[in-house]
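Structure below is protein.tsv: TSV, C-alpha atoms.
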chain	number	residue	atom	x	y	z
A	1	MET	CA	0.00	0.00	0.00
A	2	VAL	CA	2.87	2.39	0.76
A	3	ASN	CA	4.20	1.76	-2.75
A	4	TRP	CA	0.87	2.71	-4.27
A	5	ILE	CA	0.38	5.85	-2.19
A	6	TRP	CA	3.87	7.04	-2.98
A	7	LEU	CA	3.48	6.45	-6.70
A	8	LEU	CA	0.02	8.01	-6.69
A	9	LEU	CA	1.18	11.17	-4.92
A	10	ILE	CA	3.94	11.68	-7.47
A	11	VAL	CA	1.88	10.86	-10.58
A	12	ILE	CA	-1.07	13.00	-9.49
A	13	SER	CA	1.29	15.88	-8.66
A	14	ILE	CA	2.89	15.85	-12.10
A	15	VAL	CA	-0.46	15.51	-13.92
A	16	PHE	CA	-1.95	18.41	-11.96
A	17	ALA	CA	1.18	20.46	-12.36
A	18	ALA	CA	0.99	20.00	-16.12
A	19	ALA	CA	-2.71	20.91	-16.16
A	20	THR	CA	-2.36	24.00	-13.99
A	21	GLY	CA	0.99	25.22	-15.23
A	22	ARG	CA	2.84	24.68	-11.97
A	23	VAL	CA	5.54	22.38	-13.31
A	24	GLU	CA	8.37	24.54	-12.05
A	25	ALA	CA	6.86	24.89	-8.58
A	26	VAL	CA	6.39	21.13	-8.31
A	27	THR	CA	9.95	20.42	-9.41
A	28	GLU	CA	11.22	22.86	-6.83
A	29	ALA	CA	8.95	21.25	-4.22
A	30	ALA	CA	10.51	17.85	-4.95
A	31	PHE	CA	13.96	19.10	-4.00
A	32	ASP	CA	12.60	21.08	-1.05
A	33	GLY	CA	11.01	17.85	0.17
A	34	ALA	CA	14.31	16.00	-0.13
A	35	LYS	CA	15.99	18.72	1.89
A	36	THR	CA	13.31	18.56	4.57
A	37	GLY	CA	13.73	14.78	4.81
A	38	VAL	CA	17.46	15.14	5.48
A	39	THR	CA	16.97	18.07	7.89
A	40	VAL	CA	14.40	16.16	9.92
A	41	SER	CA	16.61	13.05	10.06
A	42	PHE	CA	19.57	15.12	11.22
A	43	GLY	CA	17.37	16.72	13.84
A	44	LEU	CA	16.63	13.25	15.12
A	45	ILE	CA	20.32	12.46	15.69
A	46	SER	CA	20.69	14.47	18.89
A	47	ILE	CA	17.49	13.27	20.56
A	48	LEU	CA	18.10	9.66	19.51
A	49	VAL	CA	21.67	9.65	20.81
A	50	PHE	CA	20.62	11.25	24.08
A	51	TRP	CA	17.55	9.16	24.83
A	52	LEU	CA	19.01	5.85	23.71
A	53	GLY	CA	21.88	6.56	26.11
A	54	ILE	CA	19.59	7.33	29.04
A	55	MET	CA	17.37	4.36	28.29
A	56	ARG	CA	20.35	2.00	28.12
A	57	ILE	CA	21.13	2.96	31.70
A	58	GLY	CA	17.55	2.12	32.61
A	59	GLU	CA	17.80	-1.18	30.78
A	60	ASP	CA	21.06	-2.13	32.50
A	61	ALA	CA	19.56	-1.30	35.89
A	62	GLY	CA	16.60	-3.56	35.20
A	63	LEU	CA	14.19	-0.63	35.29
A	64	LEU	CA	12.58	-1.36	31.95
A	65	ALA	CA	11.77	-4.95	32.88
A	66	LYS	CA	10.25	-3.68	36.09
A	67	LEU	CA	8.15	-1.10	34.27
A	68	ALA	CA	7.00	-3.75	31.82
A	69	SER	CA	5.82	-6.07	34.60
A	70	LEU	CA	4.12	-3.21	36.44
A	71	LEU	CA	1.59	-2.43	33.75
A	72	SER	CA	1.68	-5.75	32.00
A	73	PRO	CA	-2.04	-6.65	31.82
A	74	LEU	CA	-2.85	-3.80	29.43
A	75	VAL	CA	0.31	-4.16	27.37
A	76	ARG	CA	-0.03	-7.93	27.26
A	77	PHE	CA	-3.55	-7.56	25.94
A	78	LEU	CA	-2.27	-5.26	23.19
A	79	PHE	CA	0.88	-7.26	22.48
A	80	PRO	CA	-0.01	-10.91	23.12
A	81	ASP	CA	2.92	-12.25	21.09
A	82	VAL	CA	5.75	-10.44	22.89
A	83	PRO	CA	7.36	-12.49	25.71
A	84	LYS	CA	6.40	-11.19	29.14
A	85	ASN	CA	9.68	-9.72	30.39
A	86	HIS	CA	11.19	-8.83	27.05
A	87	PRO	CA	12.86	-5.37	27.00
A	88	ALA	CA	10.53	-4.42	24.13
A	89	MET	CA	7.68	-4.28	26.66
A	90	GLY	CA	9.54	-1.70	28.76
A	91	TYR	CA	10.22	0.48	25.73
A	92	ILE	CA	6.61	0.19	24.59
A	93	MET	CA	5.52	1.36	28.05
A	94	THR	CA	7.87	4.37	28.03
A	95	ASN	CA	6.82	5.21	24.47
A	96	MET	CA	3.15	5.20	25.42
A	97	SER	CA	3.73	7.26	28.57
A	98	ALA	CA	5.76	9.85	26.65
A	99	ASN	CA	2.97	10.09	24.06
A	100	ILE	CA	0.29	10.57	26.69
A	101	LEU	CA	2.28	13.35	28.36
A	102	GLY	CA	2.92	14.97	24.99
A	103	LEU	CA	6.71	14.56	25.22
A	104	GLY	CA	7.21	14.30	21.47
A	105	ASN	CA	10.99	14.32	21.48
A	106	ALA	CA	11.16	11.48	24.00
A	107	ALA	CA	8.34	9.44	22.47
A	108	THR	CA	10.03	8.97	19.10
A	109	PRO	CA	13.33	7.51	20.39
A	110	MET	CA	11.45	5.17	22.76
A	111	GLY	CA	9.19	4.05	19.92
A	112	ILE	CA	12.14	3.43	17.62
A	113	LYS	CA	13.94	1.51	20.36
A	114	ALA	CA	10.80	-0.56	20.96
A	115	MET	CA	10.69	-1.30	17.22
A	116	GLN	CA	14.35	-2.38	17.29
A	117	GLU	CA	13.58	-4.75	20.16
A	118	LEU	CA	10.56	-6.13	18.30
A	119	GLN	CA	12.75	-6.57	15.23
A	120	LYS	CA	14.91	-8.99	17.26
A	121	LEU	CA	11.85	-11.24	17.60
A	122	ASN	CA	11.07	-10.95	13.89
A	123	PRO	CA	12.00	-13.97	11.76
A	124	ASP	CA	11.55	-12.02	8.51
A	125	LYS	CA	13.45	-8.76	8.86
A	126	ASP	CA	11.79	-7.13	5.83
A	127	THR	CA	8.23	-7.64	6.97
A	128	ALA	CA	6.40	-5.99	9.86
A	129	THR	CA	5.14	-8.27	12.64
A	130	PRO	CA	1.65	-7.86	14.17
A	131	ALA	CA	3.25	-6.38	17.30
A	132	MET	CA	5.00	-3.73	15.17
A	133	CYS	CA	1.73	-2.87	13.45
A	134	THR	CA	0.01	-2.49	16.84
A	135	LEU	CA	2.76	-0.23	18.15
A	136	LEU	CA	2.51	1.86	14.99
A	137	ALA	CA	-1.28	2.08	15.29
A	138	LEU	CA	-0.93	3.36	18.87
A	139	ASN	CA	1.58	5.97	17.76
A	140	THR	CA	-0.32	7.24	14.72
A	141	SER	CA	-3.46	7.81	16.77
A	142	SER	CA	-1.38	8.87	19.80
A	143	ILE	CA	-3.45	9.57	22.89
A	144	THR	CA	-2.41	12.99	24.19
A	145	LEU	CA	-3.71	14.49	27.43
A	146	ILE	CA	-2.76	18.08	26.75
A	147	PRO	CA	-2.13	19.40	23.21
A	148	THR	CA	0.35	22.01	24.44
A	149	THR	CA	1.34	23.39	21.01
A	150	LEU	CA	-2.27	24.14	20.11
A	151	ILE	CA	-3.05	25.77	23.43
A	152	ALA	CA	-0.06	28.04	22.86
A	153	ILE	CA	-1.22	28.95	19.34
A	154	ARG	CA	-4.76	29.66	20.55
A	155	MET	CA	-3.31	31.87	23.26
A	156	ASN	CA	-1.28	33.79	20.66
A	157	PHE	CA	-4.41	34.60	18.71
A	158	GLY	CA	-6.22	35.91	21.76
A	159	SER	CA	-8.54	33.05	22.61
A	160	ALA	CA	-10.81	33.66	25.60
A	161	HIS	CA	-10.47	29.99	26.59
A	162	PRO	CA	-7.31	28.57	25.02
A	163	ALA	CA	-7.65	25.25	26.90
A	164	GLU	CA	-11.31	24.67	26.05
A	165	ILE	CA	-10.30	22.21	23.32
A	166	VAL	CA	-8.61	19.87	25.82
A	167	GLY	CA	-11.87	17.99	26.42
A	168	THR	CA	-12.87	17.65	22.76
A	169	THR	CA	-9.33	16.64	21.80
A	170	LEU	CA	-9.24	13.98	24.49
A	171	ILE	CA	-12.55	12.47	23.32
A	172	ALA	CA	-11.50	12.58	19.65
A	173	THR	CA	-8.08	11.07	20.33
A	174	ALA	CA	-9.64	8.32	22.48
A	175	ILE	CA	-12.10	7.45	19.71
A	176	ALA	CA	-9.29	7.44	17.10
A	177	THR	CA	-7.17	5.19	19.31
A	178	VAL	CA	-10.00	2.75	19.94
A	179	ALA	CA	-10.66	2.68	16.18
A	180	ALA	CA	-6.96	1.99	15.56
A	181	ILE	CA	-6.86	-0.86	18.10
A	182	LEU	CA	-10.05	-2.42	16.73
A	183	ALA	CA	-8.85	-2.18	13.11
A	184	ASP	CA	-5.48	-3.61	14.15
A	185	ARG	CA	-7.20	-6.53	15.91
A	186	TRP	CA	-9.36	-7.17	12.90
A	187	TYR	CA	-6.36	-7.35	10.56
A	188	ARG	CA	-4.40	-9.42	13.07
A	189	ARG	CA	-7.03	-12.14	12.81
A	190	ARG	CA	-7.49	-11.84	9.08
A	191	VAL	CA	-3.84	-11.74	8.03
A	192	PRO	CA	-1.90	-14.70	9.41
A	193	PRO	CA	1.26	-13.53	11.20
A	194	PRO	CA	4.70	-14.77	10.18
A	195	LYS	CA	6.08	-17.43	12.52
A	196	LEU	CA	7.56	-15.96	15.69
A	197	THR	CA	10.83	-17.03	17.20
A	198	THR	CA	10.10	-17.81	20.81
A	199	GLY	CA	13.69	-17.52	22.05
A	200	ILE	CA	14.32	-14.10	23.52
A	201	GLY	CA	17.53	-13.01	21.81
A	202	GLY	CA	19.93	-13.75	24.67
A	203	GLY	CA	17.75	-12.10	27.32
A	204	SER	CA	20.03	-9.17	28.01
A	205	GLY	CA	19.18	-7.53	24.72
A	206	HIS	CA	22.70	-6.21	24.40
A	207	GLU	CA	24.12	-8.20	21.55
A	208	GLY	CA	21.99	-6.33	19.05
A	209	GLY	CA	22.56	-2.97	20.71
A	210	PRO	CA	24.57	-0.37	18.87
A	211	GLY	CA	25.05	-2.48	15.77
A	212	SER	CA	21.45	-3.53	15.38
A	213	PRO	CA	20.26	-0.93	12.87
A	214	LYS	CA	22.91	-2.16	10.47
A	215	GLY	CA	22.45	-5.83	11.28
A	216	VAL	CA	18.81	-5.48	10.37
A	217	ASN	CA	19.61	-4.88	6.73
A	218	GLY	CA	21.76	-7.96	6.49
A	219	GLY	CA	25.00	-6.06	7.02
A	220	VAL	CA	24.69	-3.82	3.99
B	1	MET	CA	-6.65	18.72	35.75
B	2	TYR	CA	-4.99	20.93	33.15
B	3	GLU	CA	-2.55	22.44	35.67
B	4	PHE	CA	-1.74	19.02	37.08
B	5	VAL	CA	-1.02	17.43	33.70
B	6	SER	CA	1.06	20.34	32.44
B	7	LEU	CA	3.06	20.28	35.66
B	8	LEU	CA	3.61	16.57	35.15
B	9	SER	CA	4.72	17.22	31.56
B	10	ILE	CA	7.22	19.82	32.66
B	11	TRP	CA	8.71	17.60	35.37
B	12	ALA	CA	8.60	14.23	33.62
B	13	ILE	CA	11.83	14.63	31.65
B	14	PRO	CA	14.08	16.14	34.34
B	15	MET	CA	12.81	13.51	36.78
B	16	MET	CA	13.64	10.71	34.35
B	17	ILE	CA	17.08	12.14	33.62
B	18	VAL	CA	17.97	12.20	37.30
B	19	PHE	CA	16.04	9.16	38.55
B	20	ILE	CA	17.25	6.61	36.00
B	21	PRO	CA	21.01	7.14	36.54
B	22	LEU	CA	20.54	7.42	40.33
B	23	TYR	CA	18.63	4.16	40.50
B	24	ALA	CA	21.17	2.49	38.21
B	25	ALA	CA	24.11	3.71	40.31
B	26	PHE	CA	22.37	2.26	43.34
B	27	ARG	CA	22.21	-1.05	41.48
B	28	LYS	CA	25.98	-0.78	40.77
B	29	VAL	CA	25.61	-0.08	37.05
B	30	PRO	CA	28.53	1.94	35.55
B	31	VAL	CA	26.18	4.73	34.50
B	32	TYR	CA	28.37	6.77	32.19
B	33	GLU	CA	29.69	3.75	30.32
B	34	SER	CA	26.14	2.48	29.96
B	35	PHE	CA	25.02	5.84	28.59
B	36	VAL	CA	27.78	6.00	25.98
B	37	ASP	CA	27.21	2.40	25.00
B	38	GLY	CA	23.51	2.94	24.38
B	39	ALA	CA	23.94	6.35	22.78
B	40	LYS	CA	26.24	4.93	20.08
B	41	GLY	CA	23.24	3.42	18.32
B	42	GLY	CA	21.48	6.76	17.93
B	43	PHE	CA	23.53	8.07	15.04
B	44	ASP	CA	23.20	4.94	12.91
B	45	THR	CA	19.49	4.86	13.54
B	46	ALA	CA	18.99	8.46	12.44
B	47	ILE	CA	21.09	7.95	9.30
B	48	GLN	CA	19.13	4.81	8.47
B	49	ILE	CA	15.92	6.88	8.38
B	50	ILE	CA	17.20	9.37	5.75
B	51	PRO	CA	16.30	7.49	2.53
B	52	HIS	CA	12.82	6.65	3.82
B	53	LEU	CA	12.10	10.18	4.95
B	54	VAL	CA	13.52	11.82	1.81
B	55	GLY	CA	11.38	9.58	-0.40
B	56	MET	CA	8.22	10.35	1.50
B	57	MET	CA	8.87	14.08	1.91
B	58	VAL	CA	9.53	14.49	-1.84
B	59	ALA	CA	6.17	12.92	-2.74
B	60	ILE	CA	4.22	14.90	-0.14
B	61	SER	CA	5.92	18.17	-0.95
B	62	MET	CA	5.19	17.73	-4.68
B	63	PHE	CA	1.58	16.85	-3.95
B	64	ARG	CA	1.07	19.98	-1.88
B	65	ALA	CA	2.68	22.23	-4.48
B	66	SER	CA	0.73	20.80	-7.41
B	67	GLY	CA	-2.65	22.15	-6.33
B	68	ALA	CA	-4.20	18.69	-6.58
B	69	MET	CA	-5.52	18.92	-3.05
B	70	GLU	CA	-7.46	22.14	-3.62
B	71	MET	CA	-9.16	20.54	-6.62
B	72	MET	CA	-10.13	17.49	-4.60
B	73	VAL	CA	-11.51	19.68	-1.82
B	74	GLN	CA	-13.54	21.71	-4.32
B	75	ALA	CA	-15.02	18.53	-5.73
B	76	MET	CA	-16.00	17.23	-2.29
B	77	ARG	CA	-17.33	20.53	-0.95
B	78	PRO	CA	-21.06	20.09	-1.80
B	79	LEU	CA	-21.14	16.72	-0.09
B	80	PHE	CA	-19.70	18.10	3.14
B	81	ASP	CA	-21.86	21.21	3.07
B	82	SER	CA	-24.94	19.00	2.88
B	83	ILE	CA	-24.08	17.15	6.11
B	84	GLY	CA	-23.14	20.29	8.00
B	85	ILE	CA	-19.35	19.99	8.13
B	86	PRO	CA	-17.70	23.37	7.52
B	87	SER	CA	-15.77	22.73	4.31
B	88	GLU	CA	-12.90	24.97	5.45
B	89	VAL	CA	-11.61	22.14	7.67
B	90	LEU	CA	-11.60	19.62	4.78
B	91	PRO	CA	-8.04	20.27	3.57
B	92	LEU	CA	-6.91	19.80	7.17
B	93	GLY	CA	-8.40	16.31	7.19
B	94	ALA	CA	-6.42	15.50	4.04
B	95	LEU	CA	-3.20	17.16	5.25
B	96	ARG	CA	-3.13	15.79	8.80
B	97	PRO	CA	-1.95	12.22	8.01
B	98	LEU	CA	0.57	13.47	5.42
B	99	THR	CA	2.49	16.28	7.06
B	100	GLY	CA	2.71	17.49	10.64
B	101	ALA	CA	4.29	20.84	9.82
B	102	GLY	CA	1.93	21.42	6.89
B	103	SER	CA	-1.22	20.68	8.85
B	104	LEU	CA	-0.03	22.77	11.80
B	105	ALA	CA	0.54	25.69	9.45
B	106	TYR	CA	-2.93	25.20	7.99
B	107	THR	CA	-4.51	25.01	11.46
B	108	THR	CA	-2.74	28.21	12.47
B	109	GLU	CA	-4.02	29.88	9.30
B	110	LEU	CA	-7.61	28.83	10.08
B	111	ILE	CA	-7.32	30.06	13.68
B	112	LYS	CA	-5.89	33.34	12.42
B	113	THR	CA	-8.63	33.83	9.81
B	114	PHE	CA	-11.70	32.73	11.73
B	115	GLY	CA	-10.52	33.31	15.31
B	116	PRO	CA	-9.56	30.69	17.92
B	117	ASP	CA	-13.02	30.72	19.51
B	118	SER	CA	-14.98	30.28	16.27
B	119	MET	CA	-16.41	26.86	15.43
B	120	ILE	CA	-13.87	26.41	12.63
B	121	GLY	CA	-11.03	27.40	14.97
B	122	ARG	CA	-12.15	24.91	17.59
B	123	ILE	CA	-12.65	22.08	15.12
B	124	ALA	CA	-9.26	22.71	13.53
B	125	SER	CA	-7.54	22.74	16.94
B	126	THR	CA	-9.24	19.48	17.89
B	127	ILE	CA	-8.32	17.74	14.62
B	128	GLN	CA	-4.70	18.88	14.83
B	129	GLY	CA	-4.36	17.78	18.46
B	130	SER	CA	-6.09	14.44	18.30
B	131	THR	CA	-3.94	12.40	15.90
B	132	ASP	CA	-0.34	12.19	14.83
B	133	THR	CA	1.12	12.35	11.32
B	134	THR	CA	0.55	8.77	10.19
B	135	LEU	CA	2.85	8.76	7.17
B	136	TYR	CA	5.71	10.33	9.14
B	137	VAL	CA	5.38	7.91	12.06
B	138	LEU	CA	5.28	4.96	9.67
B	139	THR	CA	8.29	6.19	7.70
B	140	VAL	CA	10.43	6.91	10.74
B	141	TYR	CA	9.56	3.85	12.86
B	142	PHE	CA	9.75	1.30	10.07
B	143	GLY	CA	12.60	3.10	8.32
B	144	ALA	CA	14.71	2.91	11.48
B	145	ILE	CA	14.58	-0.90	11.48
B	146	GLY	CA	14.57	-1.46	7.72
B	147	ILE	CA	11.03	-2.82	7.41
B	148	ARG	CA	9.96	-2.66	3.79
B	149	LYS	CA	6.76	-4.69	3.81
B	150	THR	CA	4.49	-2.73	6.10
B	151	ARG	CA	1.48	-5.06	5.71
B	152	TYR	CA	-1.73	-3.49	7.03
B	153	ALA	CA	-0.09	-0.82	9.21
B	154	LEU	CA	-0.83	2.11	6.89
B	155	LYS	CA	-4.46	1.10	6.41
B	156	VAL	CA	-4.98	0.98	10.18
B	157	GLY	CA	-3.31	4.38	10.61
B	158	LEU	CA	-5.34	6.07	7.87
B	159	PHE	CA	-8.56	4.48	9.09
B	160	SER	CA	-7.99	5.83	12.59
B	161	ASP	CA	-7.19	9.28	11.12
B	162	LEU	CA	-10.52	9.26	9.31
B	163	VAL	CA	-12.40	8.18	12.43
B	164	GLY	CA	-10.55	10.83	14.45
B	165	PHE	CA	-11.41	13.53	11.90
B	166	ILE	CA	-15.11	12.69	11.86
B	167	ALA	CA	-15.17	12.38	15.65
B	168	ALA	CA	-13.43	15.75	16.10
B	169	VAL	CA	-15.89	17.54	13.81
B	170	PHE	CA	-19.04	16.12	15.37
B	171	ILE	CA	-17.86	16.39	18.98
B	172	CYS	CA	-17.11	20.08	18.43
B	173	LEU	CA	-20.45	20.68	16.69
B	174	LEU	CA	-22.15	18.96	19.61
B	175	ILE	CA	-20.26	20.50	22.55
B	176	PHE	CA	-19.74	24.03	21.25
B	177	ALA	CA	-23.20	24.32	19.66

Translate the structure described by the file into C-alpha cells.
Amino acid sequence: MVNWIWLLLIVISIVFAAATGRVEAVTEAAFDGAKTGVTVSFGLISILVFWLGIMRIGEDAGLLAKLASLLSPLVRFLFPDVPKNHPAMGYIMTNMSANILGLGNAATPMGIKAMQELQKLNPDKDTATPAMCTLLALNTSSITLIPTTLIAIRMNFGSAHPAEIVGTTLIATAIATVAAILADRWYRRRVPPPKLTTGIGGGSGHEGGPGSPKGVNGGV
Amino acid sequence: MYEFVSLLSIWAIPMMIVFIPLYAAFRKVPVYESFVDGAKGGFDTAIQIIPHLVGMMVAISMFRASGAMEMMVQAMRPLFDSIGIPSEVLPLGALRPLTGAGSLAYTTELIKTFGPDSMIGRIASTIQGSTDTTLYVLTVYFGAIGIRKTRYALKVGLFSDLVGFIAAVFICLLIFA
C-alpha cells in the first residue's frame, strides 16, 4: 500500500502540475522535500543519541523490565505475542507514557527503540510483525492528554479559553485510538502472522545494541 | 486537571534524567559507560531513516505544491456542506496524516482567519491535536529498522485518522453548539 500511495502522490502531482501550469513549482517542491527529509533526520540524531543513552542505563539497571511487569495486563492484551519480560515491553511502556504526556521528542526515540527490540523477535526482517503494526497504530493515533502546542497557538491569537479544546481533543483522540486498536485486531485475525521465534535473543538484549540498525539490513 | 497534567509534563523529563542514573548507580551499574554504550546506536538509527524520509517528503511536498488537493476539496465541498461539516476544515483532514508541519501551518491559518473561539477554529484545533502524522510515524519507525513490507499498518493508521477527523468535527459541533 505504501508503494501505491507514494506512486500516486507523485503521478497525481505531475499531472496536476501539467494541467495548472505549476511544473516549475512542483519540481522545486521535490527538492525542497528531499531537503526537509534530510533536515528532519539530522534533527533526530541528537534526541536519539541522548535518549538511547539514558534508556540503556535504565535497561542495565533492570528498570525497563520492572516497568513492563508493572503495567503488563494492558500491554499484554495489546501485544499478546511479545514475551512477558522482554525489554521491548519496557520500551513500549515508556513510548506510550511519553505520548500521553505529549513529550514528542522522548516518544520517538522510545518508539524506535521498541521497534528495534521487536525486530529482534522478527523472523523475517523485511516484513512488519503484528506487534510492530500495533505499536505503529498506537503511535499514529497517539493519545495525548494536553495538546500544548495548540493551546499556545490559541493563546497567541487571543482566545478567551485557550484550553477549552482539551476535552474535545481527548474524546476525539480516544475514539481514534479505539478505532486503531479495533482495526489492528481485525487485521491481526485476518492476516496470518509470520512465525515468531520464541527464544528471547539472549535475554540481556545487548548483543543487538549499537550495531542492530545495520544488522537489520543484512550487514549492507 | 490541566494544571496538574502540564506540571507533570514539565517535570517528567528532568525527573527521568535524574532518577534513571541514580537508580542504576544504586544497582551498581557503571552509568556513564552504559550511557555512551547505548547512545552509540542513535547516530546509525537516524542515518538509516534518511532514505525513507527523503522519499516520503519528496512525494508529499510535490503533492502539496501541485494544487491537486485544492481541486479534490472543491469537488468534495457540496457533499460536506450538505451534512453540516464546515468545508474549510476539509483540507486539514487530508493534510493531517501526510504532514505534521503542513497541517499545523494550515490550522494556524484557520485560527488566524476565523478566530480561535470560532467553530472552525475549535474544530481545527481538535483535529490537529487528536492524531499524529501517520505517514511520518510509519516512515520513521519502520525506516529505522529497515522494514519494507508494512502489511496493514498504513491502512490501520489512515482508518484511525478518518475516524478521528469525523469524531473531532461532530464532537465540536455537539459540545460548542

Which chain B residues are at most 6 Å from chain A (counting all atoms listed in the file), as a PyMOL selection string? chain B and resi 9+20+24+34-36+38-43+45-46+50+53-54+57-59+61-63+65-66+68+116-117+126+129-132+134+141+145+147-150+153+156-157+160+163-164+167-168

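CA of Met71 in chain B is positioned 11.7 Å from CA of Leu90 in chain B.
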
Show which residues sit within 9 Å of Thr107 in chain B, as JSON, numbers by chain. Count all atoms listed in the file, and ignore same-chain residues fewer than 2 positions away. {"A": [150], "B": [89, 92, 102, 103, 104, 105, 109, 110, 111, 112, 121, 124, 125, 127, 128]}

CA of Ile166 in chain B sits from CA of Tyr136 in chain B at a separation of 21.1 Å

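Relative to CA of Ile13 in chain B, CA of Ala88 in chain A is found at 20.5 Å.
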